[in-house]
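Okay, structure first, notes after.
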Amino acid sequence: MTPHVTGAAVKAADRAHVFHSWSAQALIDPLAIAGAEGSYFWDYDGNRYLDFSSQLVNTNIGHQHPKVVAAIQEQAARLCTLAPGFAVDVRSEAARLIAERTPGDLDKVFFTNGGAEAVENAVRMARLHTGRQKVLSTYRSYHGATAAAINLTGDPRRWPSDTAAAGVVHFWGPFLYRSPFHATTEAEECERALTHLADTIAFEGPGTIAAIILETVPGTAGIMTPPPGYLAGVRELCDRYGIVFVLDEVMSGFGRTGKWFAAEHWDVTPDLITFAKGVNSGYVPLGGVAISGAIAETFATRPYPGGLTYSGHPLACAAAVATINAMEDEGIVQNAARIGEDVIGPGLAEIAERHPSVGEVRGLGTFWALELVRDEGTREPLVPYNAAGADNGPMAEFAAACKASGLWPFVNMNRTHVVPPCTVTEAEAKEGLALLDAALDVADRHTTAG
């Protein structure tokens, strides 16, 4: 951008021509951003924000990492684009680096432009591999906004596009704090959730189900870490009935939970993993599917009926190679684990003790959520489910207080998520927690104790 550009001019052009996602166009007021670096970004008036959202939980290595910027520049000077049918060095290297970090034998990678396309292709692979059509997914999930992915999604963003004829069946996943199974312990929640899933499979017909897809740790829906034994139980059910097990690691992958992939926490290997976001921190759009040997073999002599013009785009793959190498060289995955265990987790626990609006704290790595409530005893959410307009007032006031203090939050329904870059320093994390602590005073005013 040239030096004379103003925030007002940028916003005026945006309002004249840009159509924004998930928004009533006349009701939004997007902030014009002038720049970003590390854990911060700033506007044209010099207001600086600590990015506790990692944008859309994707800038895992922070903004403007010099090694990744340099890799994109170098690749652009050498080879900007090439069709996916060719063998390209950075594409092959990106696939190799990803395959090295996936669990088990997920050694083939199909590249997409983002997470939703990854889910679309994973479902297609599962259906073709099994010859079945149904796919099971949970309520309280998000898998993308394209045709199949939005039907798989369990949150209200599905509703306007739900055809009820997409071969999708939803079921309840484990969530002890708001247990649909009336469980009181993690062990009960795990057992009852697996029984519910087994019953759903039985009544839907095991021979009709191609895949079960789960976010390893659900992201936008609430960062509900699964209880011990749950993912292993799903794996066993899939093995029993010949169902493809898909883990969606679009948000939880590439260091976000303190592991390369969240599945490592529970020592579970799925048949397919979908990824995007953190694979190159969103510097150039990239996603993909990591594929097991058995499913890859299905398409050894049978053509796979899917493809994208920009599959494995050289600039995106160069960014992925640089990102993964930087994460390895700089111990970024380990940093996320340490910051989560030593700073964010304990800090949020202390905050919860001080604020009646915090019903529960949950998470790991740099992937945390605070469940905000009106009443700690009844667990009534601070705002109703899928609240809008005046009903969402308390959360809107809380978010505004965060932003006014220089903290950019990730807010969804009655939750605020603490999801800074995996590169966040101890000092930055503590700064953000202090700002969050102060902003929660606003939420407290809307509780029964306020």
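Ordering of the structure tokens sets the chain letters (A, B, ...); residue numbers start at 1 within each chain; ligands are numbered from 1 in the order shown.
DSSP annotation of region 142-256 of chain A from backbone atoms: strand (DSSP E or B) residues are Val168, Val169, His170, Phe171, Ile209, Ala210, Ala211, Ile212, Ile213, Leu214, Glu215, Val244, Phe245, Val246, Leu247 and Asp248 of chain A.
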Just to be explicit: take each residue in the selection above, keep N, CA and C atoms, and write the result as a PDB file, in the first residue's frame.
ATOM      1  N   VAL A 168     -26.517 -37.018   5.273  1.00  0.00           N
ATOM      2  CA  VAL A 168     -25.850 -36.710   6.536  1.00  0.00           C
ATOM      3  C   VAL A 168     -26.781 -37.021   7.698  1.00  0.00           C
ATOM      4  N   VAL A 169     -26.242 -37.663   8.731  1.00  0.00           N
ATOM      5  CA  VAL A 169     -26.961 -37.930   9.976  1.00  0.00           C
ATOM      6  C   VAL A 169     -26.134 -37.331  11.109  1.00  0.00           C
ATOM      7  N   HIS A 170     -26.782 -36.507  11.938  1.00  0.00           N
ATOM      8  CA  HIS A 170     -26.084 -35.905  13.071  1.00  0.00           C
ATOM      9  C   HIS A 170     -26.340 -36.690  14.350  1.00  0.00           C
ATOM     10  N   PHE A 171     -25.337 -36.682  15.218  1.00  0.00           N
ATOM     11  CA  PHE A 171     -25.460 -37.334  16.516  1.00  0.00           C
ATOM     12  C   PHE A 171     -24.775 -36.455  17.557  1.00  0.00           C
ATOM     13  N   ILE A 209     -23.410 -46.720   5.959  1.00  0.00           N
ATOM     14  CA  ILE A 209     -22.628 -45.591   6.452  1.00  0.00           C
ATOM     15  C   ILE A 209     -21.216 -45.637   5.869  1.00  0.00           C
ATOM     16  N   ALA A 210     -20.871 -44.601   5.131  1.00  0.00           N
ATOM     17  CA  ALA A 210     -19.537 -44.506   4.531  1.00  0.00           C
ATOM     18  C   ALA A 210     -18.505 -44.027   5.533  1.00  0.00           C
ATOM     19  N   ALA A 211     -18.865 -43.007   6.331  1.00  0.00           N
ATOM     20  CA  ALA A 211     -17.857 -42.362   7.168  1.00  0.00           C
ATOM     21  C   ALA A 211     -18.482 -41.756   8.412  1.00  0.00           C
ATOM     22  N   ILE A 212     -17.648 -41.647   9.431  1.00  0.00           N
ATOM     23  CA  ILE A 212     -17.920 -40.794  10.587  1.00  0.00           C
ATOM     24  C   ILE A 212     -16.840 -39.729  10.583  1.00  0.00           C
ATOM     25  N   ILE A 213     -17.260 -38.457  10.622  1.00  0.00           N
ATOM     26  CA  ILE A 213     -16.300 -37.360  10.646  1.00  0.00           C
ATOM     27  C   ILE A 213     -16.445 -36.601  11.949  1.00  0.00           C
ATOM     28  N   LEU A 214     -15.324 -36.369  12.596  1.00  0.00           N
ATOM     29  CA  LEU A 214     -15.276 -35.619  13.847  1.00  0.00           C
ATOM     30  C   LEU A 214     -14.167 -34.581  13.765  1.00  0.00           C
ATOM     31  N   GLU A 215     -14.398 -33.405  14.324  1.00  0.00           N
ATOM     32  CA  GLU A 215     -13.280 -32.542  14.659  1.00  0.00           C
ATOM     33  C   GLU A 215     -12.588 -33.187  15.865  1.00  0.00           C
ATOM     34  N   VAL A 244     -15.324 -45.577   7.319  1.00  0.00           N
ATOM     35  CA  VAL A 244     -14.130 -44.734   7.247  1.00  0.00           C
ATOM     36  C   VAL A 244     -14.173 -43.705   8.377  1.00  0.00           C
ATOM     37  N   PHE A 245     -13.092 -43.603   9.125  1.00  0.00           N
ATOM     38  CA  PHE A 245     -12.991 -42.653  10.232  1.00  0.00           C
ATOM     39  C   PHE A 245     -12.211 -41.436   9.742  1.00  0.00           C
ATOM     40  N   VAL A 246     -12.875 -40.281   9.727  1.00  0.00           N
ATOM     41  CA  VAL A 246     -12.270 -39.031   9.272  1.00  0.00           C
ATOM     42  C   VAL A 246     -12.110 -38.101  10.455  1.00  0.00           C
ATOM     43  N   LEU A 247     -10.916 -37.601  10.670  1.00  0.00           N
ATOM     44  CA  LEU A 247     -10.697 -36.562  11.666  1.00  0.00           C
ATOM     45  C   LEU A 247     -10.441 -35.235  10.960  1.00  0.00           C
ATOM     46  N   ASP A 248     -11.232 -34.241  11.327  1.00  0.00           N
ATOM     47  CA  ASP A 248     -11.097 -32.888  10.790  1.00  0.00           C
ATOM     48  C   ASP A 248     -10.135 -32.137  11.703  1.00  0.00           C
TER      49      ASP A 248
END
Helix (DSSP H, G or I) residues, from DSSP on the backbone, in region 213-450 of chain A, as a VMD selection string: chain A and resid 230 to 241 262 to 266 277 to 279 293 to 298 314 to 329 332 to 354 389 to 405 426 to 444
So that I can check the surroundings of region 379-395 of chain A, please list as a compact mmCIF listing (two decimals) with C-alpha atoms, in the first residue's frame every protein, DNA and RNA residue that reaches within 6 Å of it, counting only C-alpha atoms and ignoring chain neighbours fewer than 5 positions away.
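Result file is selection_4.txt:
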# COMPACT_ATOMS: atom_id res chain seq x y z
CA LEU A 372 -19.71 -17.64 29.81
CA VAL A 373 -22.87 -18.03 31.89
CA ARG A 374 -25.53 -15.99 33.60
CA MET A 413 -22.32 -17.61 20.95
CA ASN A 414 -21.74 -17.57 24.73
Region 52-59 of chain A surroundings by only C-alpha atoms, 10 Å radius, close-in-sequence under 2 positions cut, as JSON, numbers by chain: {"A": [38, 39, 40, 41, 49, 50, 61, 62, 63, 64, 65, 219, 220, 250, 251, 252, 253, 254, 256, 276, 277, 278, 279, 280, 281, 282, 283, 366, 367, 407, 408, 409, 410, 411, 416, 417, 418, 419, 420, 421, 422, 423, 424, 428, 429, 432, 433, 436]}
Can those selected residues be exported to a file as a short mmCIF file (atom, residue, chain, number, x, y, z; two decimals), in the first residue's frame so that it contains C-alpha atoms?
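Generated output (part.cif):
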data_model
loop_
_atom_site.label_atom_id
_atom_site.label_comp_id
_atom_site.auth_asym_id
_atom_site.auth_seq_id
_atom_site.Cartn_x
_atom_site.Cartn_y
_atom_site.Cartn_z
CA GLY A 38 3.93 -11.49 15.22
CA SER A 39 1.05 -11.54 17.68
CA TYR A 40 -0.23 -8.05 16.83
CA PHE A 41 -2.00 -6.12 14.09
CA TYR A 49 -4.39 -5.18 18.90
CA LEU A 50 -3.07 -8.34 20.51
CA ILE A 61 3.18 -18.89 13.39
CA GLY A 62 1.95 -15.31 13.79
CA HIS A 63 1.82 -12.52 11.28
CA GLN A 64 4.56 -11.87 8.71
CA HIS A 65 6.98 -14.59 9.75
CA GLY A 219 -13.09 -25.61 17.31
CA THR A 220 -15.62 -22.87 16.68
CA VAL A 250 -8.41 -28.00 9.95
CA MET A 251 -8.36 -25.91 13.13
CA SER A 252 -6.67 -28.23 15.62
CA GLY A 253 -3.75 -29.29 13.45
CA PHE A 254 -0.20 -28.01 13.02
CA ARG A 256 -2.50 -25.59 17.79
CA ALA A 276 -5.74 -26.37 6.24
CA LYS A 277 -5.25 -23.16 8.27
CA GLY A 278 -2.07 -23.82 10.27
CA VAL A 279 -0.35 -25.83 7.52
CA ASN A 280 1.02 -22.50 6.28
CA SER A 281 -0.69 -20.11 8.69
CA GLY A 282 -3.01 -18.94 5.92
CA TYR A 283 -0.28 -16.94 4.17
CA THR A 366 -2.99 -22.45 22.44
CA PHE A 367 -6.57 -23.68 22.01
CA LEU A 407 -7.30 -7.28 22.76
CA TRP A 408 -8.87 -8.88 19.67
CA PRO A 409 -11.04 -11.77 20.87
CA PHE A 410 -12.57 -14.80 19.17
CA VAL A 411 -16.21 -14.80 20.29
CA THR A 416 -14.79 -16.48 24.17
CA HIS A 417 -11.87 -18.48 22.85
CA VAL A 418 -8.25 -17.90 23.78
CA VAL A 419 -6.40 -18.84 20.61
CA PRO A 420 -3.29 -16.70 20.13
CA PRO A 421 -0.57 -17.69 17.67
CA CYS A 422 1.43 -20.76 18.66
CA THR A 423 4.45 -18.41 18.70
CA VAL A 424 2.95 -16.27 21.47
CA GLU A 428 2.22 -11.60 25.40
CA ALA A 429 0.06 -14.37 26.83
CA GLY A 432 -3.72 -10.87 26.90
CA LEU A 433 -4.97 -12.66 29.99
CA LEU A 436 -9.34 -10.50 29.20
#
Computed interatomic separation between CA of Trp368 (chain A) and CA of Ala148 (chain A) (Å):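 A separation of 27.8 Å between them.
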Using only C-alpha atoms, which protein or nucleic acid residues come within 10 Å of Asp441 (chain A)? Drop anything in the same chain fewer than 5 positions from it, and give the result as a PDB file with C-alpha atoms, in the first residue's frame.
ATOM      1  CA  ARG A 354     -12.657 -14.256  40.103  1.00  0.00           C
ATOM      2  CA  HIS A 355     -15.513 -14.007  37.610  1.00  0.00           C
ATOM      3  CA  PRO A 356     -19.029 -15.404  38.113  1.00  0.00           C
ATOM      4  CA  SER A 357     -19.549 -15.153  34.329  1.00  0.00           C
ATOM      5  CA  PHE A 398     -17.838  -7.986  26.328  1.00  0.00           C
ATOM      6  CA  ALA A 401     -14.574  -4.067  25.942  1.00  0.00           C
ATOM      7  CA  LEU A 436      -9.342 -10.504  29.204  1.00  0.00           C
ATOM      8  CA  HIS A 446     -25.076  -9.635  33.260  1.00  0.00           C
ATOM      9  CA  GLY A 450     -23.822  -9.013  39.080  1.00  0.00           C
TER      10      GLY A 450
END
Contact residues around Ala12 (chain A) with only C-alpha atoms at 12 Å, ignoring same-chain residues under 6 positions, as a ChimeraX atom specification: /A:5-6,18,29-32
Spatial neighbours of Leu348 (chain A), 9 Å, only C-alpha atoms, chain gap at least 5 places, as an mmCIF file with N, CA and C atoms, in the first residue's frame:
data_model
loop_
_atom_site.group_PDB
_atom_site.id
_atom_site.type_symbol
_atom_site.label_atom_id
_atom_site.label_comp_id
_atom_site.auth_asym_id
_atom_site.auth_seq_id
_atom_site.Cartn_x
_atom_site.Cartn_y
_atom_site.Cartn_z
ATOM 1 N N VAL A 343 1.102 -21.195 31.306
ATOM 2 C CA VAL A 343 0.622 -19.811 31.358
ATOM 3 C C VAL A 343 -0.886 -19.715 31.137
ATOM 4 N N GLU A 353 -11.936 -18.158 38.771
ATOM 5 C CA GLU A 353 -12.249 -18.036 40.192
ATOM 6 C C GLU A 353 -12.743 -16.642 40.544
ATOM 7 N N VAL A 361 -13.642 -23.474 32.020
ATOM 8 C CA VAL A 361 -12.450 -23.263 31.207
ATOM 9 C C VAL A 361 -12.023 -24.619 30.673
ATOM 10 N N ARG A 362 -11.720 -24.687 29.378
ATOM 11 C CA ARG A 362 -11.284 -25.969 28.809
ATOM 12 C C ARG A 362 -10.353 -25.698 27.624
ATOM 13 N N TRP A 368 -8.101 -22.709 23.654
ATOM 14 C CA TRP A 368 -8.874 -22.671 24.888
ATOM 15 C C TRP A 368 -10.202 -21.950 24.683
ATOM 16 N N LEU A 370 -13.591 -20.230 27.094
ATOM 17 C CA LEU A 370 -14.285 -19.904 28.330
ATOM 18 C C LEU A 370 -15.776 -19.932 28.050
ATOM 19 N N LEU A 433 -4.140 -12.172 28.894
ATOM 20 C CA LEU A 433 -4.969 -12.662 29.992
ATOM 21 C C LEU A 433 -5.382 -11.517 30.913
ATOM 22 N N ASP A 437 -9.141 -10.519 31.618
ATOM 23 C CA ASP A 437 -9.606 -10.450 33.004
ATOM 24 C C ASP A 437 -10.418 -9.174 33.220
#
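Take the candidates A:Val289, A:Ala145, A:Ala94, A:Ala352 and check each one against Arg124 (chain A) using only C-alpha atoms; the shortest distance goes to A:Val289.
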Nearest residue to Trp260 (chain A) from the set A:Ala336, A:Cys317, A:Ile28, A:Ala404 (distances using only C-alpha atoms):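 Of A:Ala336, A:Cys317, A:Ile28, A:Ala404, the one nearest Trp260 (chain A), counting only C-alpha atoms, is A:Ala336.
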